[in-house]
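Next comes entry31.cif, a file with mmCIF, C-alpha atoms.
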```
data_run
loop_
_atom_site.label_atom_id
_atom_site.label_comp_id
_atom_site.auth_asym_id
_atom_site.auth_seq_id
_atom_site.Cartn_x
_atom_site.Cartn_y
_atom_site.Cartn_z
CA MET A 1 0.00 0.00 0.00
CA SER A 2 1.40 3.31 -1.00
CA LEU A 3 0.36 6.70 0.32
CA PRO A 4 1.26 10.07 -1.15
CA THR A 5 4.08 11.71 0.78
CA ILE A 6 4.06 15.21 2.18
CA PHE A 7 6.48 16.14 -0.60
CA THR A 8 3.65 15.87 -3.12
CA THR A 9 0.73 16.92 -0.91
CA CYS A 10 2.18 20.00 0.80
CA ARG A 11 4.18 22.99 -0.34
CA PRO A 12 6.11 24.80 2.42
CA ARG A 13 6.63 28.54 2.26
CA PRO A 14 9.96 29.46 0.64
CA ASP A 15 11.55 30.79 3.83
CA VAL A 16 10.62 27.59 5.70
CA LEU A 17 11.83 25.35 2.87
CA GLY A 18 15.11 27.21 2.54
CA GLY A 19 15.73 27.26 6.28
CA THR A 20 16.32 30.99 6.02
CA ILE A 21 14.01 32.01 8.84
CA ARG A 22 15.91 34.27 11.16
CA ASP A 23 15.83 33.79 14.90
CA ASP A 24 13.62 36.81 15.42
CA GLU A 25 11.19 35.77 12.68
CA PHE A 26 8.45 34.63 15.03
CA MET A 27 9.05 37.56 17.37
CA ALA A 28 6.82 40.28 16.00
CA ASP A 29 7.72 43.85 16.98
CA LEU A 30 4.56 45.88 17.29
CA SER A 31 5.91 49.42 17.48
CA ARG A 32 8.18 48.82 14.50
CA VAL A 33 5.09 47.93 12.46
CA VAL A 34 3.20 51.00 13.62
CA ASN A 35 6.19 53.27 13.04
CA GLY A 36 7.00 51.70 9.68
CA THR A 37 10.40 50.16 10.41
CA ALA A 38 9.53 46.43 10.63
CA PRO A 39 10.58 43.78 8.04
CA ALA A 40 8.40 43.64 4.90
CA ASP A 41 6.63 40.43 5.97
CA TYR A 42 5.08 42.30 8.86
CA LEU A 43 4.81 45.76 7.31
CA ASP A 44 3.01 44.75 4.13
CA PRO A 45 -0.64 43.93 4.99
CA ALA A 46 -0.99 41.44 2.11
CA ALA A 47 2.15 39.51 3.09
CA PHE A 48 1.17 39.60 6.75
CA PHE A 49 -2.38 38.29 6.31
CA ALA A 50 -1.32 35.65 3.75
CA LYS A 51 0.59 33.89 6.54
CA SER A 52 -2.05 34.45 9.21
CA TYR A 53 -4.96 32.28 10.20
CA ALA A 54 -8.11 34.12 11.25
CA THR A 55 -8.68 32.76 14.75
CA ARG A 56 -11.94 33.41 16.55
CA GLY A 57 -10.15 35.75 18.95
CA MET A 58 -8.54 37.75 16.14
CA LYS A 59 -11.83 38.15 14.27
CA GLU A 60 -13.59 39.20 17.46
CA LEU A 61 -10.84 41.75 18.20
CA LEU A 62 -10.91 43.29 14.72
CA LYS A 63 -14.68 43.52 14.70
CA ALA A 64 -15.02 45.03 18.20
CA VAL A 65 -12.32 47.66 17.66
CA CYS A 66 -13.45 48.64 14.14
CA LEU A 67 -17.01 49.12 15.40
CA ARG A 68 -15.84 51.13 18.38
CA LEU A 69 -13.64 53.39 16.23
CA SER A 70 -16.52 54.09 13.88
CA GLY A 71 -18.71 55.03 16.85
CA LYS A 72 -20.97 51.98 16.73
CA GLY A 73 -19.43 49.78 19.37
CA GLY A 74 -20.63 51.38 22.59
CA GLU A 75 -18.64 51.58 25.79
CA VAL A 76 -18.52 47.84 26.31
CA SER A 77 -15.87 47.27 23.66
CA SER A 78 -13.75 50.32 24.51
CA ILE A 79 -11.16 48.32 26.45
CA ILE A 80 -10.06 44.85 25.44
CA ARG A 81 -7.65 42.52 27.21
CA LEU A 82 -5.70 39.92 25.24
CA GLY A 83 -4.46 37.18 27.52
CA THR A 84 -2.41 34.11 26.70
CA GLN A 85 0.92 32.49 27.43
CA TYR A 86 4.11 33.75 25.86
CA GLY A 87 4.21 32.86 22.19
CA GLY A 88 0.42 32.57 22.01
CA GLY A 89 -0.21 35.25 19.39
CA LYS A 90 -0.85 38.43 21.41
CA THR A 91 1.46 40.70 19.47
CA HIS A 92 0.49 39.02 16.19
CA SER A 93 -3.16 39.92 16.87
CA LEU A 94 -2.22 43.52 17.66
CA ILE A 95 -0.35 43.82 14.36
CA ALA A 96 -3.38 42.41 12.54
CA LEU A 97 -5.46 45.05 14.27
CA VAL A 98 -3.14 47.89 13.22
CA HIS A 99 -3.33 46.73 9.59
CA ALA A 100 -7.11 46.45 9.83
CA VAL A 101 -7.71 49.95 11.19
CA ARG A 102 -5.40 51.27 8.50
CA GLY A 103 -7.70 49.75 5.89
CA MET A 104 -5.97 46.40 5.02
CA LYS A 105 -4.69 47.83 1.74
CA GLY A 106 -3.84 45.21 -0.88
CA VAL A 107 -5.19 42.25 1.14
CA PRO A 108 -6.96 39.96 -1.38
CA THR A 109 -9.60 38.50 0.96
CA PRO A 110 -10.07 40.86 3.91
CA GLU A 111 -13.51 39.33 4.57
CA ASN A 112 -11.78 36.23 5.98
CA PHE A 113 -10.66 38.42 8.88
CA VAL A 114 -13.20 41.23 9.21
CA ASP A 115 -16.26 42.56 7.40
CA PRO A 116 -14.73 45.14 4.99
CA ALA A 117 -17.78 47.38 5.45
CA ILE A 118 -16.78 48.19 9.04
CA LEU A 119 -13.12 49.03 8.30
CA PRO A 120 -12.44 52.66 9.30
CA ALA A 121 -12.45 54.98 6.30
CA GLY A 122 -10.50 57.92 7.65
CA ALA A 123 -7.24 58.37 9.48
CA ILE A 124 -6.89 56.85 12.95
CA ARG A 125 -4.53 58.10 15.64
CA ILE A 126 -2.52 55.10 16.82
CA ALA A 127 -0.14 54.82 19.76
CA ALA A 128 1.52 51.44 20.21
CA LEU A 129 3.47 51.31 23.44
CA ASP A 130 5.57 48.25 24.06
CA GLY A 131 7.65 47.58 27.09
CA GLU A 132 10.51 46.13 25.08
CA ASN A 133 11.31 49.45 23.39
CA ALA A 134 10.51 51.69 26.34
CA ASP A 135 13.67 53.22 27.83
CA PRO A 136 12.93 54.98 31.12
CA ALA A 137 16.58 55.56 32.05
CA ASN A 138 17.99 57.02 28.83
CA GLY A 139 14.77 58.11 27.17
CA LEU A 140 13.32 56.74 23.93
CA THR A 141 14.08 58.90 20.89
CA LEU A 142 10.85 60.30 19.49
CA GLU A 143 12.57 62.60 17.04
CA PRO A 144 16.07 64.10 17.04
CA GLY A 145 16.48 65.97 20.32
CA LEU A 146 13.20 64.75 21.82
CA LEU A 147 13.14 61.89 24.32
CA ALA A 148 10.32 60.11 26.17
CA ARG A 149 11.06 58.52 29.54
CA SER A 150 7.54 57.47 30.43
CA LEU A 151 4.71 55.60 28.74
CA TRP A 152 2.62 58.77 28.72
CA GLY A 153 5.39 60.84 27.17
CA GLU A 154 5.61 58.41 24.28
CA MET A 155 1.84 58.06 24.00
CA ALA A 156 1.36 61.83 23.80
CA TYR A 157 3.89 62.10 20.98
CA ARG A 158 2.46 59.18 18.98
CA LEU A 159 -1.06 60.57 19.24
CA ALA A 160 -0.54 64.29 18.87
CA GLY A 161 3.05 64.78 17.69
CA ARG A 162 5.47 67.29 19.15
CA ALA A 163 2.67 69.47 20.54
CA GLY A 164 1.24 66.42 22.28
CA TYR A 165 4.54 65.73 23.97
CA GLU A 166 4.91 69.36 25.06
CA ARG A 167 1.47 69.13 26.69
CA VAL A 168 2.73 66.41 29.07
CA ARG A 169 6.42 67.32 29.16
CA VAL A 170 6.44 68.02 32.89
CA SER A 171 4.66 64.73 33.58
CA ASP A 172 7.26 62.95 31.50
CA GLU A 173 10.26 64.63 33.11
CA LYS A 174 9.04 64.33 36.70
CA HIS A 175 7.41 60.96 36.14
CA ILE A 176 3.97 61.98 37.34
CA ALA A 177 0.98 60.47 35.54
CA PRO A 178 -1.11 63.01 33.59
CA GLY A 179 -4.83 63.44 34.31
CA ALA A 180 -7.71 61.93 32.36
CA ASP A 181 -8.75 65.27 30.85
CA THR A 182 -5.23 65.93 29.59
CA ILE A 183 -5.15 62.48 28.04
CA ARG A 184 -8.51 63.18 26.38
CA GLU A 185 -7.00 66.31 24.79
CA LEU A 186 -4.43 64.09 23.10
CA PHE A 187 -7.19 62.22 21.23
CA GLY A 188 -8.01 65.52 19.49
CA GLY A 189 -11.62 64.47 18.90
CA GLN A 190 -10.44 61.89 16.34
CA PRO A 191 -10.82 58.11 16.23
CA THR A 192 -7.94 56.82 18.35
CA LEU A 193 -6.46 53.42 19.08
CA ILE A 194 -4.03 52.78 21.94
CA LEU A 195 -2.14 49.50 22.28
CA LEU A 196 -0.19 48.41 25.34
CA ASP A 197 2.06 45.38 24.83
CA GLU A 198 4.62 43.66 27.11
CA ILE A 199 3.96 46.15 29.89
CA SER A 200 5.70 43.92 32.45
CA VAL A 201 9.04 44.60 30.74
CA TYR A 202 8.43 48.36 31.02
CA LEU A 203 7.53 48.01 34.69
CA ARG A 204 10.74 46.22 35.55
CA LYS A 205 12.81 48.99 34.00
CA VAL A 206 10.83 51.96 35.23
CA GLU A 207 10.56 50.70 38.81
CA ARG A 208 14.34 50.83 38.98
CA ALA A 209 14.59 54.26 37.38
CA PHE A 210 11.88 55.94 39.48
CA PRO A 211 11.11 54.79 43.03
CA ASP A 212 7.43 55.74 42.84
CA ALA A 213 6.90 54.18 39.39
CA SER A 214 4.44 51.40 40.29
CA LYS A 215 2.05 53.86 41.90
CA GLN A 216 2.35 56.32 39.02
CA PHE A 217 1.75 53.46 36.58
CA ALA A 218 -1.44 52.50 38.42
CA ALA A 219 -2.58 56.14 38.38
CA PHE A 220 -1.83 56.43 34.68
CA ILE A 221 -3.75 53.25 33.83
CA HIS A 222 -6.67 54.49 35.91
CA ASP A 223 -6.76 57.88 34.14
CA LEU A 224 -6.18 56.33 30.74
CA PHE A 225 -8.98 53.78 31.10
CA LYS A 226 -11.29 56.54 32.26
CA ALA A 227 -10.38 58.80 29.33
CA VAL A 228 -10.78 55.97 26.79
CA ALA A 229 -14.07 54.60 28.09
CA SER A 230 -15.66 58.04 28.25
CA THR A 231 -14.62 59.17 24.76
CA PRO A 232 -16.52 57.88 21.70
CA GLN A 233 -14.44 56.33 18.92
CA VAL A 234 -11.48 55.66 21.19
CA ALA A 235 -10.35 52.11 21.92
CA LEU A 236 -7.60 50.54 24.00
CA VAL A 237 -6.22 47.02 23.74
CA TYR A 238 -3.70 45.66 26.22
CA THR A 239 -1.96 42.31 26.50
CA LEU A 240 -1.26 40.36 29.64
CA ALA A 241 0.89 37.26 29.74
CA VAL A 242 -0.74 34.46 31.68
CA GLY A 243 1.41 31.64 32.95
CA LYS A 244 0.81 28.01 32.23
CA ASP A 245 -2.14 26.62 34.21
CA ASP A 246 -2.72 30.19 35.41
CA LYS A 247 0.50 30.07 37.39
CA ALA A 248 2.62 32.96 36.24
CA GLY A 249 5.89 31.07 36.11
CA ASP A 250 7.71 33.26 33.64
CA ALA A 251 10.62 35.64 33.90
CA TYR A 252 8.41 38.68 34.57
CA LYS A 253 6.06 37.03 37.03
CA ASP A 254 6.10 39.78 39.68
CA GLU A 255 5.77 42.62 37.17
CA ASN A 256 2.95 40.80 35.38
CA GLU A 257 1.07 40.43 38.62
CA ARG A 258 1.55 44.11 39.47
CA ALA A 259 0.41 45.11 35.98
CA ALA A 260 -2.63 42.84 36.23
CA ALA A 261 -3.50 44.29 39.62
CA ALA A 262 -3.30 47.87 38.32
CA MET A 263 -5.43 46.98 35.30
CA SER A 264 -8.15 45.24 37.27
CA GLU A 265 -8.28 48.03 39.83
CA ALA A 266 -8.66 50.61 37.06
CA GLU A 267 -11.30 48.45 35.42
CA SER A 268 -13.37 48.23 38.58
CA VAL A 269 -13.30 51.99 39.13
CA ALA A 270 -13.13 53.61 35.73
CA VAL A 271 -15.04 51.45 33.27
CA ARG A 272 -18.10 49.29 33.24
CA SER A 273 -16.43 46.26 31.77
CA THR A 274 -13.55 45.08 29.65
CA THR A 275 -13.70 42.35 27.05
CA PRO A 276 -11.26 39.49 27.55
CA LEU A 277 -10.13 37.69 24.38
CA ASN A 278 -7.83 34.75 23.76
CA PRO A 279 -5.93 35.22 20.46
CA THR A 280 -5.38 31.50 19.78
CA GLU A 281 -7.39 28.77 21.40
CA GLU A 282 -5.99 25.27 21.67
CA ASP A 283 -8.03 23.79 18.79
CA GLU A 284 -6.93 26.58 16.43
CA THR A 285 -3.21 26.05 16.83
CA PRO A 286 -2.85 23.52 13.94
CA ASN A 287 -4.45 26.01 11.55
CA VAL A 288 -2.16 28.79 12.73
CA LEU A 289 0.87 26.55 12.19
CA ARG A 290 -0.32 25.47 8.76
CA ALA A 291 -0.94 29.04 7.58
CA ARG A 292 2.53 30.15 8.60
CA LEU A 293 4.54 27.10 7.49
CA PHE A 294 2.83 26.05 4.26
CA GLU A 295 1.70 27.73 1.08
CA THR A 296 -0.64 24.88 0.24
CA VAL A 297 -1.74 21.66 1.93
CA ASP A 298 -3.87 19.14 0.02
CA LEU A 299 -6.58 18.51 2.62
CA ASP A 300 -8.23 15.71 0.62
CA ALA A 301 -4.93 13.87 0.52
CA ALA A 302 -4.58 14.46 4.26
CA LYS A 303 -7.97 12.82 4.81
CA SER A 304 -6.96 9.75 2.85
CA VAL A 305 -3.71 9.51 4.81
CA ILE A 306 -5.58 9.71 8.11
CA ALA A 307 -8.03 7.05 6.91
CA ALA A 308 -5.17 4.76 5.92
CA TYR A 309 -3.45 5.23 9.29
CA SER A 310 -6.65 4.41 11.18
CA GLN A 311 -7.17 1.35 9.06
CA VAL A 312 -3.70 0.04 9.89
CA TRP A 313 -4.25 0.74 13.59
CA ASN A 314 -7.61 -0.99 13.65
CA SER A 315 -6.61 -3.99 11.56
CA GLN A 316 -3.57 -4.97 13.63
CA PRO A 317 -4.50 -6.30 17.06
CA GLY A 318 -0.87 -6.34 18.14
CA CYS A 319 -0.25 -2.77 17.12
CA ALA A 320 1.06 -0.71 20.02
CA ALA A 321 -0.85 2.34 18.89
CA ARG A 322 -4.14 0.48 19.07
CA ARG A 323 -3.37 -1.03 22.45
CA CYS A 324 -2.77 2.35 24.01
CA CYS A 325 -5.79 3.87 22.29
CA ARG A 326 -8.12 1.29 23.80
CA PRO A 327 -9.98 2.77 26.73
CA GLY A 328 -9.16 1.45 30.15
CA THR A 329 -5.69 0.15 29.38
CA PRO A 330 -2.62 1.62 30.98
CA ARG A 331 -0.74 3.90 28.61
CA PRO A 332 2.93 3.08 28.36
CA VAL A 333 3.19 5.54 25.52
CA ARG A 334 0.84 8.28 24.50
CA PRO A 335 -1.00 7.65 21.23
CA GLN A 336 0.18 10.91 19.75
CA LEU A 337 3.77 9.68 20.12
CA SER A 338 3.27 6.40 18.27
CA ALA A 339 4.39 6.60 14.70
CA PRO A 340 2.93 3.88 12.49
CA SER A 341 5.61 4.04 9.84
CA GLN A 342 4.45 0.69 8.47
CA ALA A 343 1.48 2.59 7.02
CA ALA A 344 3.61 3.79 4.17
CA MET B 1 3.91 15.95 21.70
CA LEU B 2 4.03 19.69 21.02
CA THR B 3 0.86 20.50 22.93
CA GLU B 4 1.53 18.33 25.98
CA LYS B 5 5.13 17.21 26.34
CA THR B 6 7.23 20.16 25.25
CA SER B 7 4.66 22.59 26.64
CA SER B 8 5.60 21.46 30.11
CA LEU B 9 8.98 23.15 29.62
CA SER B 10 8.93 26.72 30.91
CA THR B 11 11.22 27.66 28.01
CA PHE B 12 8.73 26.48 25.39
CA GLN B 13 6.54 29.29 24.08
CA ARG B 14 3.28 27.88 22.75
CA THR B 15 2.60 28.55 19.06
CA ARG B 16 5.95 30.28 18.62
CA GLY B 17 7.82 27.30 20.03
CA MET B 18 5.94 24.92 17.74
CA LEU B 19 6.62 27.12 14.72
CA ARG B 20 10.34 27.19 15.48
CA LEU B 21 10.63 23.40 15.83
CA LEU B 22 8.38 22.61 12.88
CA ALA B 23 10.04 25.11 10.53
CA ARG B 24 13.39 23.41 11.21
CA THR B 25 11.84 19.97 10.82
CA ILE B 26 10.23 20.84 7.48
CA HIS B 27 13.45 22.34 6.15
CA HIS B 28 15.29 19.14 7.08
CA LEU B 29 12.57 16.77 5.77
CA TRP B 30 12.38 18.37 2.34
CA ARG B 31 16.15 17.99 2.04
CA ILE B 32 16.32 14.30 2.94
CA GLN B 33 12.86 13.30 1.56
CA PRO B 34 12.29 10.06 3.50
CA PRO B 35 10.04 7.75 1.43
CA ASP B 36 7.69 7.01 4.36
CA ALA B 37 6.74 10.60 5.11
CA ALA B 38 2.98 10.48 4.52
CA SER B 39 2.74 12.91 7.41
CA ILE B 40 5.18 14.61 9.76
CA HIS B 41 5.98 12.41 12.74
CA THR B 42 7.76 12.93 16.00
CA HIS B 43 10.67 10.85 14.74
CA HIS B 44 11.20 13.39 11.94
CA MET B 45 12.33 15.93 14.52
CA ASP B 46 15.82 14.57 14.29
CA PRO B 47 18.28 15.80 16.91
CA ALA B 48 21.09 14.72 14.59
CA PHE B 49 20.20 17.76 12.46
CA GLU B 50 22.12 20.69 13.90
CA PRO B 51 19.39 23.40 13.87
CA ILE B 52 16.97 21.03 15.64
CA ARG B 53 19.64 19.94 18.12
CA THR B 54 20.48 23.57 18.87
CA GLU B 55 16.79 24.42 19.33
CA ILE B 56 16.43 21.64 21.92
CA ASN B 57 19.76 22.14 23.68
CA VAL B 58 20.00 25.91 23.69
CA LYS B 59 16.59 27.50 23.09
CA LEU B 60 14.66 24.99 25.18
CA GLY B 61 17.49 24.76 27.70
CA GLN B 62 17.80 20.97 27.59
CA GLY B 63 21.58 20.96 27.17
CA GLN B 64 22.03 18.68 30.18
CA TYR B 65 20.65 15.83 28.06
CA ALA B 66 23.00 16.51 25.15
CA PRO B 67 25.47 13.69 26.02
CA ALA B 68 22.62 11.20 26.51
CA VAL B 69 21.00 12.20 23.21
CA LYS B 70 24.35 11.92 21.45
CA SER B 71 25.10 8.42 22.67
CA ASP B 72 21.58 6.92 22.79
CA VAL B 73 19.36 8.79 20.30
CA ALA B 74 21.17 10.62 17.54
CA ALA B 75 24.85 11.43 17.18
CA VAL B 76 26.25 14.54 15.54
CA ALA B 77 26.64 13.85 11.81
CA GLY B 78 30.06 12.29 11.16
CA ASP B 79 30.42 10.90 14.69
CA GLU B 80 29.96 7.28 15.65
CA PRO B 81 26.21 6.49 15.40
CA ALA B 82 24.11 6.52 18.56
CA LEU B 83 22.52 3.34 19.92
CA ALA B 84 19.09 4.05 18.41
CA GLN B 85 20.65 4.86 15.06
CA ARG B 86 22.55 1.54 15.06
CA ILE B 87 19.38 -0.40 15.88
CA ASP B 88 17.49 1.49 13.16
CA ALA B 89 20.18 0.69 10.62
CA ARG B 90 19.98 -3.02 11.52
CA SER B 91 16.20 -3.41 11.56
CA THR B 92 14.71 -0.88 9.13
CA PRO B 93 13.35 -2.65 6.03
CA ALA B 94 15.27 -1.79 2.89
CA CYS B 95 12.23 -0.13 1.31
CA LEU B 96 12.23 2.57 3.98
CA ARG B 97 15.89 3.48 3.84
#
```

Would you give me this structure, written as structure tokens?
Amino acid sequence: MSLPTIFTTCRPRPDVLGGTIRDDEFMADLSRVVNGTAPADYLDPAAFFAKSYATRGMKELLKAVCLRLSGKGGEVSSIIRLGTQYGGGKTHSLIALVHAVRGMKGVPTPENFVDPAILPAGAIRIAALDGENADPANGLTLEPGLLARSLWGEMAYRLAGRAGYERVRVSDEKHIAPGADTIRELFGGQPTLILLDEISVYLRKVERAFPDASKQFAAFIHDLFKAVASTPQVALVYTLAVGKDDKAGDAYKDENERAAAAMSEAESVAVRSTTPLNPTEEDETPNVLRARLFETVDLDAAKSVIAAYSQVWNSQPGCAARRCCRPGTPRPVRPQLSAPSQAA
Amino acid sequence: MLTEKTSSLSTFQRTRGMLRLLARTIHHLWRIQPPDAASIHTHHMDPAFEPIRTEINVKLGQGQYAPAVKSDVAAVAGDEPALAQRIDARSTPACLR
């Protein structure tokens, strides 16, 4: 019995086939996409979405934010929390969102991801703040001669340019969170999207640079949530790393917990509710992998291969795979580890 | 294996970790084109292939098993074959080599 091999049924993407994927390839950098300095695969909407699978969480995120920005979403969807483990697609979803609110130009089938009718038509103010690029000690270069030391300093500049930064300059230099009304001024009455990613990394740095930083961070989140929830056409999405089995066992455990505490306190006081979303649920992972690794996979051929494997398992009483699949028997090996190579 | 076994490592990052291992596996598989590859199996993640070995030893922090893998599972190409490789060579039917 002869089955087709993967070499005839699947075509890997060229970078996978050639082994030319760089080490940082699966490490998306959000602010570099927003600011236009990321590699082409992330910067070009068509290239980005071609390798993306539309998970339920991603579709929900795009829809909720697009509706909110166009003034139809209501307050409920003003603040969204993306939670998953490291490597679970948080930043990837945020990049998809940035491309969506910028109109998904050149994407051949945008309807796979979001209803094109709700994509924002006009310009959107976007501030993407990620903890990995934040530099509280030296200051992050906004433009030559202009540095931001705090999250709010950077946010003000991204939303309202130089004038925006000048409005909160004292807050930035003294590391005192600005008030909700001042933050609202930065929106300028325009549709605005604010993204907070990898905040735990920012917290670790800023807590060392400024002794009062955790408290000022909590105050900033409080004011920011209040400003966002109370302003139409303004949305905020933040990510929070959750540890495996809800135990935060990662390198930024303490900072993550402090960030989560500040967020949930602000939520309880400043907004009615936030929407939690999971970017990639367990059952969607194979599709995500397939979209990124392969150009095409012959699914009919895959079905016939699976059928042939099952047939071999079921027809051979002595087959180890069948023994450990039978209910009630002890499992010396897990079924997903057994490789019936005799099926070929 | 990717959803249960490797996920128990704190160094393994969900979808990203799977992408990294699978991308290396696919690159290797399409080069050697084993005739029995009707689908991708665990045994195709060959620690004899340097990028996969490095991923396991360095990225996933399992370097303490490197000597055991070398002598029992898969040796570095050019070295004396590991135990499993010698058994495979003895007992694999000719049609699968």

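Straight-line separation from CA of Lys226 in chain A to CA of Leu119 in chain A: 25.2 Å.
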
> Can you list what the PyMOL selection byres ((chain A) within 6 of (chain B)) grabs from this structure, as a ChimeraX atom specification?
Replying inline: /A:4-6,16-17,19,86-88,344

>> Report, in Å to a single decimal, how far apart CA of Glu284 in chain A and CA of Asp46 in chain B are.
In response: 25.8 Å

> Which residue gives the smallest distance to Pro67 in chain B among B:Leu21, B:Ala82, B:Ile52, B:Ser91, with only C-alpha atoms counted?
Replying inline: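 That would be B:Ala82, the residue with the smallest distance to Pro67 in chain B.
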
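For the file shown, the residue list from the PyMOL selection byres ((chain A and resi 297-300) around 9) reads Ile6, Thr8, Thr9, Cys10, Arg11, Pro12, Arg290, Phe294, Glu295, Thr296, Ala301, Ala302, Lys303, Ser304 and Val305 of chain A.
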
> Could you work out how far CA of Ala121 in chain A lies from CA of Gly106 in chain A, giving the answer in Å with one decimal?
Replying inline: 14.9 Å

> Closest to Ala213 in chain A among A:Arg258, A:Arg158, A:Lys51, A:Arg32, using all atoms listed in the file?
Replying inline: A:Arg258

> Using all atoms listed in the file, can you list as number ranges by chain the residues within 8 Å of (18.1, 6.9, 18.6)?
Replying inline: B: 69, 72-74, 82-88

>> What's around Asp181 in chain A at 9 Å? Count all atoms listed in the file, leave out sequence neighbours fewer than 5 positions away in its own chain, and write the answer as a PyMOL selection string.
In response: chain A and resi 186+223+227

Writer output for current selection, C-alpha atoms, as an mmCIF file, in the frame of the given file:
```
data_model
loop_
_atom_site.group_PDB
_atom_site.id
_atom_site.type_symbol
_atom_site.label_atom_id
_atom_site.label_comp_id
_atom_site.auth_asym_id
_atom_site.auth_seq_id
_atom_site.Cartn_x
_atom_site.Cartn_y
_atom_site.Cartn_z
ATOM 1 C CA LEU A 186 -4.430 64.090 23.100
ATOM 2 C CA ASP A 223 -6.760 57.880 34.140
ATOM 3 C CA ALA A 227 -10.380 58.800 29.330
#
```

>> Taking 4 positions as the minimum chain separation for residues in the same chain, which residues sit within 7 Å of Ala64 in chain A when counting only C-alpha atoms? Answer as a list in words.
In response: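 Everything that qualifies: Glu60, Arg68, Gly73 and Ser77 of chain A.
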
Write out, as an mmCIF file, keeping the file's coordinate frame, the residues just selected, with C-alpha atoms.
```
data_model
loop_
_atom_site.group_PDB
_atom_site.id
_atom_site.type_symbol
_atom_site.label_atom_id
_atom_site.label_comp_id
_atom_site.auth_asym_id
_atom_site.auth_seq_id
_atom_site.Cartn_x
_atom_site.Cartn_y
_atom_site.Cartn_z
ATOM 1 C CA GLU A 60 -13.590 39.200 17.460
ATOM 2 C CA ARG A 68 -15.840 51.130 18.380
ATOM 3 C CA GLY A 73 -19.430 49.780 19.370
ATOM 4 C CA SER A 77 -15.870 47.270 23.660
#
```

>> Excluding Leu277 in chain A and its own-chain neighbours fewer than 5 positions away, which residues fall within 8 Å of it when counting only C-alpha atoms? Please give them as a list in words.
In response: Gly57, Glu60, Leu61, Ile80, Arg81, Leu82 and Gly83 of chain A

>> Please expand the PyMOL selection byres ((chain A and resi 232) around 8) into the concrete residues it hits in this file, giving the result as a list of chain:residue names.
In response: A:Arg68, A:Leu69, A:Gly71, A:Gly74, A:Glu75, A:Pro191, A:Val228, A:Ala229, A:Ser230, A:Thr231, A:Gln233, A:Val234

>> Which residue is closest to Ala75 in chain B? Choose from B:Val58, B:Ala89, B:Glu50, B:His44 and count all atoms listed in the file.
In response: B:Glu50

Could you give me, as a PDB file with C-alpha atoms, in the coordinates of the input, the residues within 10 Å of Val168 in chain A, counting only C-alpha atoms and dropping anything in the same chain fewer than 6 positions from it?
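File produced: selection-v9.pdb:
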```
ATOM      1  CA  TRP A 152       2.620  58.770  28.720  1.00  0.00           C
ATOM      2  CA  GLY A 153       5.390  60.840  27.170  1.00  0.00           C
ATOM      3  CA  GLU A 154       5.610  58.410  24.280  1.00  0.00           C
ATOM      4  CA  MET A 155       1.840  58.060  24.000  1.00  0.00           C
ATOM      5  CA  ALA A 156       1.360  61.830  23.800  1.00  0.00           C
ATOM      6  CA  TYR A 157       3.890  62.100  20.980  1.00  0.00           C
ATOM      7  CA  ILE A 176       3.970  61.980  37.340  1.00  0.00           C
ATOM      8  CA  ALA A 177       0.980  60.470  35.540  1.00  0.00           C
ATOM      9  CA  PRO A 178      -1.110  63.010  33.590  1.00  0.00           C
ATOM     10  CA  GLY A 179      -4.830  63.440  34.310  1.00  0.00           C
ATOM     11  CA  THR A 182      -5.230  65.930  29.590  1.00  0.00           C
ATOM     12  CA  ILE A 183      -5.150  62.480  28.040  1.00  0.00           C
ATOM     13  CA  LEU A 186      -4.430  64.090  23.100  1.00  0.00           C
TER      14      LEU A 186
END
```
